[in-house]
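One structure below.
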Amino acid sequence: MTLTDAPDAELLDRVLLTRVIEPGDETGGRWVREFGVREVVRRLREDRAALPGVSAKRWAGLVARAEAARPRRDLETARDAGVRFVSPAGAEWPGQLDDLGDARPLGLWVRGRPSLRMWALRSVAVVGARACTEYGAHMAATLAAGLAEQGWVVVSGGAYGVDGAAHRGALGAGGATVAVLACGVDRPYPRGHTRLIGRIAEQGLVIGELPPGEHPTPSRFILRNRVIAALTRGTVVVEAAHRSGSLVTARAAQRLRRHTMGVPGPATSGLSAGVHDLLRGEASLVTDVADVVELVGDIGELAPDRRGPVLPRDLLEPAARQVLAALPGRGAARPDEIARSAQTAQDDAIARLYELRALGYVERHGDGWKLTRQAVMSVRDGRGPC
């Protein structure tokens, strides 16, 4: 459910709990699973009877948080900032986040036009050191640009160093990127990346678990990484020291049975020591985009079957159908040409093209986009791709 719907009790309760329960709190997640959102909120705000698994002191703190929460105001603040709340019951929810079990987010605050569920279907995380070297920044930007050019969505954490280089690489290639923040998505962090995160929100998506106005803390950064790992098909680590937070993302990806990849660095570089440890374990060594795509592209259950018919037209929103209809029957067209034909903004056209790419309708060729053979054949058969 999103802000475009009238907020019902379930939505308001989930919004309230994002003020009460910290991201990744498995005790709180177990309460939601066993008792339901409504009962957890009732216990917190009405009868105050403690739920199992917490001390009296901690329960009192949670009750105080619940008393101070104003979910309707949070929804209004979010709406004014162009932010929507996506709950696990909503059509936009990425089902792969359910793999987190009781650590699954209560919901996600999303800033940007594209469908998070569609974009996450073909996404790869690129993470690494904040204090990266020129080599690390170059590798992150090059990998991200190459992935974007092949129709993949690049996911990272919006931080300095490798994260920022990955986002810029994808944006520079005219591609899709998602920033997962450890704070409210209406208050970009770090401050030095305010313009970058604003650009990501215009061309891609900025998401987070925390309600408007919330600030990051060290624990929130660490717990944010599990969302990056779960959301994507695989995680690439570019430069990471032994205690780097990006290794938390990689280990979460391994636990979730996602592909874990590392870009090797100089044997003498402390910034690559953590990556080399990963590579001595179960991580795969990658040096270019072809290596990454060879691994993540093997996951077939999320990809459309190219031998079968195209997905039914009711999967496409009207705006996506309009963009699909704007593609030429033969050859490729640039995003600006598609946007003009579809009578929409170029950023919106790019967002829709990546959704259509995830569904198997279109593919990227250099700076242009074209219909897949599957979509063209369906037109010839008289069914139409939409």
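Each chain in the structure tokens gets a letter, A, B, ..., in the order shown, and its residues are numbered from 1; ligands are numbered from 1 in order too.
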Q: Taking the DSSP assignment computed from this structure's backbone, write out as a PyMOL selection string all residues of region 211-344 of chain A that belong to strand (DSSP E).
A: chain A and resi 234-238+259-263+284-285
File dump, residues just selected, all heavy atoms, as a CSV table (one decimal), in the first residue's frame:
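Saved file selection-v4.csv follows:
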```csv
chain,number,residue,atom,x,y,z
A,234,GLY,N,22.9,-10.1,-6.2
A,234,GLY,CA,24.2,-10.4,-5.8
A,234,GLY,C,24.9,-9.1,-5.3
A,234,GLY,O,24.4,-8.0,-5.7
A,235,THR,N,26.0,-9.2,-4.6
A,235,THR,CA,26.7,-8.1,-4.0
A,235,THR,C,28.2,-8.1,-4.5
A,235,THR,O,28.8,-9.2,-4.3
A,235,THR,CB,26.7,-8.1,-2.5
A,235,THR,OG1,25.3,-7.8,-2.1
A,235,THR,CG2,27.6,-7.0,-1.9
A,236,VAL,N,28.6,-7.0,-5.1
A,236,VAL,CA,30.0,-6.9,-5.5
A,236,VAL,C,30.7,-6.0,-4.5
A,236,VAL,O,30.2,-4.8,-4.2
A,236,VAL,CB,30.2,-6.3,-6.9
A,236,VAL,CG1,31.6,-6.2,-7.3
A,236,VAL,CG2,29.3,-7.1,-7.9
A,237,VAL,N,31.8,-6.4,-3.9
A,237,VAL,CA,32.6,-5.6,-2.9
A,237,VAL,C,33.8,-5.1,-3.6
A,237,VAL,O,34.6,-5.9,-4.1
A,237,VAL,CB,33.0,-6.4,-1.7
A,237,VAL,CG1,33.7,-5.5,-0.7
A,237,VAL,CG2,31.7,-7.0,-1.0
A,238,VAL,N,34.0,-3.8,-3.7
A,238,VAL,CA,35.1,-3.1,-4.3
A,238,VAL,C,35.9,-2.4,-3.2
A,238,VAL,O,35.4,-1.4,-2.7
A,238,VAL,CB,34.7,-2.1,-5.3
A,238,VAL,CG1,35.9,-1.5,-6.0
A,238,VAL,CG2,33.8,-2.7,-6.4
A,259,HIS,N,24.5,-14.2,-4.7
A,259,HIS,CA,25.9,-14.2,-5.2
A,259,HIS,C,26.7,-13.2,-4.5
A,259,HIS,O,26.3,-12.1,-4.3
A,259,HIS,CB,26.0,-14.0,-6.7
A,259,HIS,CG,25.5,-15.1,-7.5
A,259,HIS,ND1,26.1,-16.3,-7.6
A,259,HIS,CD2,24.3,-15.2,-8.2
A,259,HIS,CE1,25.5,-17.1,-8.4
A,259,HIS,NE2,24.4,-16.5,-8.8
A,260,THR,N,27.9,-13.6,-4.0
A,260,THR,CA,28.8,-12.6,-3.4
A,260,THR,C,30.1,-12.6,-4.2
A,260,THR,O,30.7,-13.6,-4.5
A,260,THR,CB,29.2,-13.1,-1.9
A,260,THR,OG1,28.0,-13.3,-1.2
A,260,THR,CG2,30.0,-12.0,-1.2
A,261,MET,N,30.5,-11.4,-4.6
A,261,MET,CA,31.6,-11.2,-5.5
A,261,MET,C,32.6,-10.1,-4.9
A,261,MET,O,32.2,-9.2,-4.2
A,261,MET,CB,31.1,-10.7,-6.8
A,261,MET,CG,30.2,-11.7,-7.6
A,261,MET,SD,29.1,-10.9,-8.7
A,261,MET,CE,27.7,-10.5,-7.6
A,262,GLY,N,33.9,-10.3,-5.3
A,262,GLY,CA,34.9,-9.3,-4.8
A,262,GLY,C,35.8,-8.9,-5.9
A,262,GLY,O,36.2,-9.8,-6.8
A,263,VAL,N,36.2,-7.7,-6.0
A,263,VAL,CA,37.1,-7.2,-6.9
A,263,VAL,C,38.5,-7.2,-6.3
A,263,VAL,O,38.7,-6.4,-5.3
A,263,VAL,CB,36.8,-5.8,-7.4
A,263,VAL,CG1,37.8,-5.2,-8.4
A,263,VAL,CG2,35.4,-5.8,-8.1
A,284,SER,N,33.1,-15.0,-5.2
A,284,SER,CA,33.6,-15.2,-6.6
A,284,SER,C,34.5,-14.0,-6.9
A,284,SER,O,34.1,-12.8,-6.7
A,284,SER,CB,32.5,-15.4,-7.6
A,284,SER,OG,31.8,-16.5,-7.3
A,285,LEU,N,35.6,-14.2,-7.6
A,285,LEU,CA,36.4,-13.1,-8.0
A,285,LEU,C,35.9,-12.6,-9.3
A,285,LEU,O,35.6,-13.3,-10.3
A,285,LEU,CB,37.9,-13.6,-8.2
A,285,LEU,CG,38.9,-12.6,-8.6
A,285,LEU,CD1,40.3,-13.1,-8.1
A,285,LEU,CD2,39.0,-12.4,-10.1
```
(Q) At a cut-off of 9 Å, using only C-alpha atoms, what residues contact region 16-24 of chain A? Leave out same-chain residues fewer than 3 positions from it and give the result as number ranges by chain. (A) A: 11-13, 27-29, 37, 40-41, 61-66, 68-72, 74, 100, 102-107, 209-211, 214, 220, 223-224, 226
Take the selection from the previous step and output its residues with N, CA and C atoms, as a tab-separated table (two decimals), in the first residue's frame.
```tsv
chain	number	residue	atom	x	y	z
A	11	LEU	N	-1.93	0.18	7.53
A	11	LEU	CA	-0.87	1.08	7.08
A	11	LEU	C	-0.44	2.02	8.20
A	12	LEU	N	-1.40	2.62	8.89
A	12	LEU	CA	-1.07	3.54	9.97
A	12	LEU	C	-0.31	2.82	11.09
A	13	ASP	N	-0.71	1.59	11.40
A	13	ASP	CA	-0.01	0.83	12.44
A	13	ASP	C	1.42	0.55	12.04
A	27	THR	N	13.17	-9.36	17.47
A	27	THR	CA	12.14	-9.53	18.49
A	27	THR	C	10.85	-8.84	18.06
A	28	GLY	N	10.98	-7.61	17.60
A	28	GLY	CA	9.81	-6.89	17.10
A	28	GLY	C	9.21	-7.56	15.89
A	29	GLY	N	10.07	-8.06	15.02
A	29	GLY	CA	9.58	-8.78	13.84
A	29	GLY	C	8.81	-10.03	14.21
A	37	VAL	N	0.24	-6.89	13.43
A	37	VAL	CA	0.57	-5.48	13.63
A	37	VAL	C	-0.42	-4.81	14.57
A	40	VAL	N	0.14	-5.73	18.26
A	40	VAL	CA	1.38	-5.13	18.80
A	40	VAL	C	1.15	-3.66	19.12
A	41	VAL	N	0.49	-2.93	18.23
A	41	VAL	CA	0.21	-1.52	18.49
A	41	VAL	C	-0.75	-1.35	19.65
A	61	GLY	N	10.52	1.83	27.35
A	61	GLY	CA	11.05	2.71	26.32
A	61	GLY	C	10.25	2.62	25.03
A	62	LEU	N	9.83	1.41	24.67
A	62	LEU	CA	9.03	1.22	23.46
A	62	LEU	C	7.66	1.88	23.60
A	63	VAL	N	7.07	1.76	24.80
A	63	VAL	CA	5.78	2.40	25.05
A	63	VAL	C	5.90	3.91	24.93
A	64	ALA	N	6.98	4.47	25.44
A	64	ALA	CA	7.19	5.91	25.34
A	64	ALA	C	7.31	6.34	23.88
A	65	ARG	N	8.02	5.56	23.09
A	65	ARG	CA	8.13	5.86	21.67
A	65	ARG	C	6.77	5.82	20.99
A	66	ALA	N	5.98	4.81	21.32
A	66	ALA	CA	4.66	4.66	20.71
A	66	ALA	C	3.75	5.83	21.05
A	68	ALA	N	4.65	8.86	21.56
A	68	ALA	CA	5.10	10.05	20.84
A	68	ALA	C	4.86	9.97	19.34
A	69	ALA	N	4.62	8.75	18.82
A	69	ALA	CA	4.47	8.56	17.37
A	69	ALA	C	3.20	9.21	16.85
A	70	ARG	N	3.29	9.81	15.69
A	70	ARG	CA	2.16	10.45	15.01
A	70	ARG	C	2.14	9.98	13.56
A	71	PRO	N	1.60	8.78	13.29
A	71	PRO	CA	1.70	8.20	11.95
A	71	PRO	C	1.04	9.04	10.86
A	72	ARG	N	-0.10	9.67	11.14
A	72	ARG	CA	-0.74	10.50	10.12
A	72	ARG	C	0.14	11.68	9.75
A	74	ASP	N	3.40	11.73	9.95
A	74	ASP	CA	4.51	11.20	9.18
A	74	ASP	C	4.12	11.00	7.71
A	100	LEU	N	14.41	-12.20	4.67
A	100	LEU	CA	15.02	-11.75	5.91
A	100	LEU	C	14.29	-12.27	7.15
A	102	ASP	N	12.21	-12.63	10.34
A	102	ASP	CA	11.76	-11.67	11.35
A	102	ASP	C	12.54	-10.36	11.30
A	103	ALA	N	13.63	-10.33	10.55
A	103	ALA	CA	14.39	-9.08	10.37
A	103	ALA	C	13.91	-8.30	9.15
A	104	ARG	N	12.84	-8.75	8.53
A	104	ARG	CA	12.28	-8.04	7.37
A	104	ARG	C	11.82	-6.64	7.78
A	105	PRO	N	12.02	-5.65	6.92
A	105	PRO	CA	11.53	-4.30	7.25
A	105	PRO	C	10.03	-4.30	7.48
A	106	LEU	N	9.59	-3.43	8.37
A	106	LEU	CA	8.16	-3.25	8.61
A	106	LEU	C	7.50	-2.59	7.41
A	107	GLY	N	8.28	-1.90	6.64
A	107	GLY	CA	7.84	-1.21	5.44
A	107	GLY	C	9.01	-0.39	4.94
A	209	GLU	N	14.21	2.47	5.71
A	209	GLU	CA	13.24	1.93	6.65
A	209	GLU	C	12.74	2.97	7.65
A	210	LEU	N	13.50	4.04	7.82
A	210	LEU	CA	13.22	4.99	8.89
A	210	LEU	C	12.29	6.10	8.42
A	211	PRO	N	11.41	6.56	9.31
A	211	PRO	CA	10.42	7.57	8.93
A	211	PRO	C	11.05	8.94	8.71
A	214	GLU	N	14.30	11.11	10.56
A	214	GLU	CA	15.18	10.30	11.41
A	214	GLU	C	16.63	10.38	10.96
A	220	ARG	N	22.38	1.67	12.75
A	220	ARG	CA	21.46	1.75	11.62
A	220	ARG	C	22.19	1.56	10.29
A	223	LEU	N	22.70	-2.27	10.02
A	223	LEU	CA	21.46	-3.00	9.76
A	223	LEU	C	20.88	-2.65	8.39
A	224	ARG	N	21.15	-1.46	7.89
A	224	ARG	CA	20.73	-1.08	6.54
A	224	ARG	C	21.30	-2.03	5.50
A	226	ARG	N	21.69	-5.18	5.42
A	226	ARG	CA	20.95	-6.42	5.15
A	226	ARG	C	19.89	-6.18	4.08
```
Q.
Give me, as a ChimeraX atom specification, all polymer residues having an atom no more than 9 Å from region 294-296 of chain A, counting only C-alpha atoms and skipping those fewer than 2 positions away in the same chain.
A. /A:122-124,233-234,258-259,261,284,289-292,298-299
Grab the residues selected above and save them as an mmCIF file, in the first residue's frame with all heavy atoms.
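Result file selection30.cif:
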```
data_model
loop_
_atom_site.group_PDB
_atom_site.id
_atom_site.type_symbol
_atom_site.label_atom_id
_atom_site.label_comp_id
_atom_site.auth_asym_id
_atom_site.auth_seq_id
_atom_site.Cartn_x
_atom_site.Cartn_y
_atom_site.Cartn_z
ATOM 1 N N ARG A 122 16.026 -7.070 -11.324
ATOM 2 C CA ARG A 122 17.317 -7.174 -12.010
ATOM 3 C C ARG A 122 18.272 -6.146 -11.412
ATOM 4 O O ARG A 122 18.594 -5.137 -12.041
ATOM 5 C CB ARG A 122 17.153 -6.954 -13.519
ATOM 6 C CG ARG A 122 16.474 -8.095 -14.241
ATOM 7 C CD ARG A 122 16.425 -7.858 -15.735
ATOM 8 N NE ARG A 122 17.751 -7.701 -16.324
ATOM 9 C CZ ARG A 122 18.536 -8.720 -16.687
ATOM 10 N NH1 ARG A 122 18.129 -9.965 -16.512
ATOM 11 N NH2 ARG A 122 19.709 -8.493 -17.220
ATOM 12 N N SER A 123 18.687 -6.400 -10.195
ATOM 13 C CA SER A 123 19.547 -5.440 -9.500
ATOM 14 C C SER A 123 20.782 -6.116 -8.924
ATOM 15 O O SER A 123 20.758 -7.295 -8.577
ATOM 16 C CB SER A 123 18.765 -4.737 -8.386
ATOM 17 O OG SER A 123 18.335 -5.667 -7.405
ATOM 18 N N VAL A 124 21.837 -5.333 -8.834
ATOM 19 C CA VAL A 124 23.118 -5.791 -8.283
ATOM 20 C C VAL A 124 23.625 -4.724 -7.321
ATOM 21 O O VAL A 124 23.570 -3.526 -7.633
ATOM 22 C CB VAL A 124 24.166 -6.009 -9.391
ATOM 23 C CG1 VAL A 124 25.502 -6.445 -8.795
ATOM 24 C CG2 VAL A 124 23.683 -7.040 -10.401
ATOM 25 N N ARG A 233 20.260 -9.366 -6.500
ATOM 26 C CA ARG A 233 20.627 -10.743 -6.858
ATOM 27 C C ARG A 233 22.033 -11.094 -6.423
ATOM 28 O O ARG A 233 22.376 -12.266 -6.297
ATOM 29 C CB ARG A 233 20.529 -10.912 -8.367
ATOM 30 C CG ARG A 233 19.119 -10.853 -8.901
ATOM 31 C CD ARG A 233 19.100 -11.487 -10.264
ATOM 32 N NE ARG A 233 17.857 -11.246 -10.961
ATOM 33 C CZ ARG A 233 17.620 -11.679 -12.182
ATOM 34 N NH1 ARG A 233 18.539 -12.358 -12.834
ATOM 35 N NH2 ARG A 233 16.469 -11.431 -12.772
ATOM 36 N N GLY A 234 22.866 -10.099 -6.230
ATOM 37 C CA GLY A 234 24.235 -10.358 -5.803
ATOM 38 C C GLY A 234 24.892 -9.080 -5.342
ATOM 39 O O GLY A 234 24.434 -7.972 -5.661
ATOM 40 N N ARG A 258 22.633 -15.306 -1.847
ATOM 41 C CA ARG A 258 22.824 -14.458 -3.008
ATOM 42 C C ARG A 258 24.273 -14.611 -3.471
ATOM 43 O O ARG A 258 25.142 -15.049 -2.711
ATOM 44 C CB ARG A 258 22.561 -12.989 -2.678
ATOM 45 C CG ARG A 258 21.240 -12.676 -2.006
ATOM 46 C CD ARG A 258 20.047 -12.910 -2.915
ATOM 47 N NE ARG A 258 18.858 -12.235 -2.400
ATOM 48 C CZ ARG A 258 17.899 -12.810 -1.696
ATOM 49 N NH1 ARG A 258 17.971 -14.111 -1.417
ATOM 50 N NH2 ARG A 258 16.847 -12.115 -1.287
ATOM 51 N N HIS A 259 24.540 -14.229 -4.698
ATOM 52 C CA HIS A 259 25.917 -14.249 -5.184
ATOM 53 C C HIS A 259 26.736 -13.189 -4.455
ATOM 54 O O HIS A 259 26.291 -12.057 -4.277
ATOM 55 C CB HIS A 259 25.960 -13.966 -6.683
ATOM 56 C CG HIS A 259 25.459 -15.101 -7.514
ATOM 57 N ND1 HIS A 259 26.141 -16.285 -7.648
ATOM 58 C CD2 HIS A 259 24.328 -15.231 -8.250
ATOM 59 C CE1 HIS A 259 25.459 -17.103 -8.441
ATOM 60 N NE2 HIS A 259 24.358 -16.489 -8.813
ATOM 61 N N MET A 261 30.507 -11.367 -4.571
ATOM 62 C CA MET A 261 31.641 -11.172 -5.477
ATOM 63 C C MET A 261 32.607 -10.143 -4.912
ATOM 64 O O MET A 261 32.195 -9.237 -4.181
ATOM 65 C CB MET A 261 31.125 -10.696 -6.848
ATOM 66 C CG MET A 261 30.232 -11.716 -7.558
ATOM 67 S SD MET A 261 29.069 -10.948 -8.729
ATOM 68 C CE MET A 261 27.738 -10.483 -7.608
ATOM 69 N N SER A 284 33.094 -15.022 -5.203
ATOM 70 C CA SER A 284 33.649 -15.194 -6.552
ATOM 71 C C SER A 284 34.471 -13.969 -6.938
ATOM 72 O O SER A 284 34.066 -12.832 -6.671
ATOM 73 C CB SER A 284 32.521 -15.389 -7.572
ATOM 74 O OG SER A 284 31.753 -16.520 -7.271
ATOM 75 N N VAL A 289 32.471 -6.303 -15.899
ATOM 76 C CA VAL A 289 31.024 -6.473 -15.936
ATOM 77 C C VAL A 289 30.641 -7.864 -16.424
ATOM 78 O O VAL A 289 29.687 -8.472 -15.917
ATOM 79 C CB VAL A 289 30.386 -5.390 -16.832
ATOM 80 C CG1 VAL A 289 28.899 -5.655 -17.018
ATOM 81 C CG2 VAL A 289 30.596 -4.022 -16.222
ATOM 82 N N ALA A 290 31.367 -8.389 -17.389
ATOM 83 C CA ALA A 290 31.037 -9.711 -17.923
ATOM 84 C C ALA A 290 31.081 -10.768 -16.829
ATOM 85 O O ALA A 290 30.230 -11.667 -16.781
ATOM 86 C CB ALA A 290 31.993 -10.072 -19.055
ATOM 87 N N ASP A 291 32.062 -10.663 -15.915
ATOM 88 C CA ASP A 291 32.156 -11.614 -14.807
ATOM 89 C C ASP A 291 30.922 -11.532 -13.909
ATOM 90 O O ASP A 291 30.380 -12.556 -13.470
ATOM 91 C CB ASP A 291 33.398 -11.330 -13.959
ATOM 92 C CG ASP A 291 34.701 -11.652 -14.676
ATOM 93 O OD1 ASP A 291 34.663 -12.393 -15.678
ATOM 94 O OD2 ASP A 291 35.753 -11.150 -14.233
ATOM 95 N N VAL A 292 30.493 -10.304 -13.620
ATOM 96 C CA VAL A 292 29.341 -10.111 -12.731
ATOM 97 C C VAL A 292 28.073 -10.657 -13.370
ATOM 98 O O VAL A 292 27.320 -11.421 -12.753
ATOM 99 C CB VAL A 292 29.171 -8.616 -12.384
ATOM 100 C CG1 VAL A 292 27.926 -8.409 -11.516
ATOM 101 C CG2 VAL A 292 30.406 -8.078 -11.664
ATOM 102 N N ASP A 298 22.569 -16.004 -13.875
ATOM 103 C CA ASP A 298 22.218 -17.419 -13.788
ATOM 104 C C ASP A 298 20.950 -17.656 -12.989
ATOM 105 O O ASP A 298 20.401 -18.748 -13.007
ATOM 106 C CB ASP A 298 23.357 -18.211 -13.136
ATOM 107 C CG ASP A 298 24.549 -18.357 -14.076
ATOM 108 O OD1 ASP A 298 24.358 -18.207 -15.291
ATOM 109 O OD2 ASP A 298 25.644 -18.616 -13.578
ATOM 110 N N ILE A 299 20.499 -16.645 -12.247
ATOM 111 C CA ILE A 299 19.317 -16.844 -11.416
ATOM 112 C C ILE A 299 18.097 -16.723 -12.306
ATOM 113 O O ILE A 299 17.637 -15.649 -12.624
ATOM 114 C CB ILE A 299 19.270 -15.810 -10.270
ATOM 115 C CG1 ILE A 299 20.542 -15.938 -9.414
ATOM 116 C CG2 ILE A 299 18.038 -16.000 -9.415
ATOM 117 C CD1 ILE A 299 20.620 -14.950 -8.288
#
```
Q.
Please list as a VMD selection string every residue within 8 Å of Leu147 (chain A), counting only C-alpha atoms and excluding residues in the same chain fewer than 6 positions away.
A. chain A and resid 153 to 154 170 289 293
Could you take the residues named above and write them with C-alpha atoms, as a compact mmCIF listing (two decimals), in the first residue's frame?
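What follows is the written file result-v1.txt:
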```txt
# COMPACT_ATOMS: atom_id res chain seq x y z
CA VAL A 153 19.88 -1.64 -11.68
CA VAL A 154 22.81 -0.65 -9.44
CA ALA A 170 25.20 4.31 -13.24
CA VAL A 289 31.02 -6.47 -15.94
CA VAL A 293 26.60 -10.68 -15.30
```
(Q) With distances taken over only C-alpha atoms, which residue among A:Gln203, A:Ser269, A:Thr372, A:Asn225 lies nearest Ala253 (chain A)? (A) A:Asn225
**Q.** Residue neighbourhood Leu353 (chain A), 10 Å, only C-alpha atoms, exclusion window fewer than 3 positions, as a VMD selection string
**A.** chain A and resid 114 119 151 175 to 176 320 323 to 324 327 335 338 347 to 350 356 to 359 361 to 364 369 to 370
Counting only C-alpha atoms, give me one row per residue of region 76-182 of chain A with an atom at most 12 Å from an atom of region 270-280 of chain A, showing the shortest contact pair and its distance in Å to one decimal, sorted by chain then residue number, as a tab-separated table.
```
residue	atom	partner	partner_atom	distance
A:Val127	CA	A:Val275	CA	11.1
A:Gly128	CA	A:Val275	CA	9.1
A:Ala129	CA	A:Leu271	CA	7.3
A:Arg130	CA	A:Leu271	CA	10.0
A:Ala131	CA	A:Leu271	CA	8.5
A:Cys132	CA	A:Leu271	CA	7.3
A:Thr133	CA	A:Leu271	CA	8.2
A:Glu134	CA	A:Leu271	CA	11.7
A:Tyr135	CA	A:Leu271	CA	10.7
A:Gly136	CA	A:Leu271	CA	9.1
A:Gly161	CA	A:Leu271	CA	11.8
A:Val162	CA	A:Leu271	CA	11.6
```
Q: Pick out the residues sitting within 9 Å of Val185 (chain A), and hand them over as a ChimeraX atom specification; count only C-alpha atoms, and ignore anything fewer than 2 positions along from it in its own chain.
A: /A:78,83,109-111,180-183,187-189,206-214
Q) What does the distance between CA of Ala342 (chain A) and CA of Gly329 (chain A) come to in Å, to one decimal place? A) 14.5 Å
Q. What residues in region 78-282 of chain A get the DSSP label alpha helix (DSSP H)? Please answer as a ChimeraX atom specification.
A. /A:78-80,116-120,134-149,162-172,194-203,218-231,246-255,273-280
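The residue that comes closest to Val286 (chain A), out of A:Thr177, A:Gly360, A:Val126, A:Arg243 and on the basis of only C-alpha atoms, is A:Val126.
Residues lying within 9 Å of Leu171 (chain A), counting only C-alpha atoms and ignoring same-chain neighbours fewer than 5 positions away, are Ala144, Ala145, Ala148, Ala166, Ala176, Thr177, Arg199, Ile200, Gln203 and Gly204 of chain A.
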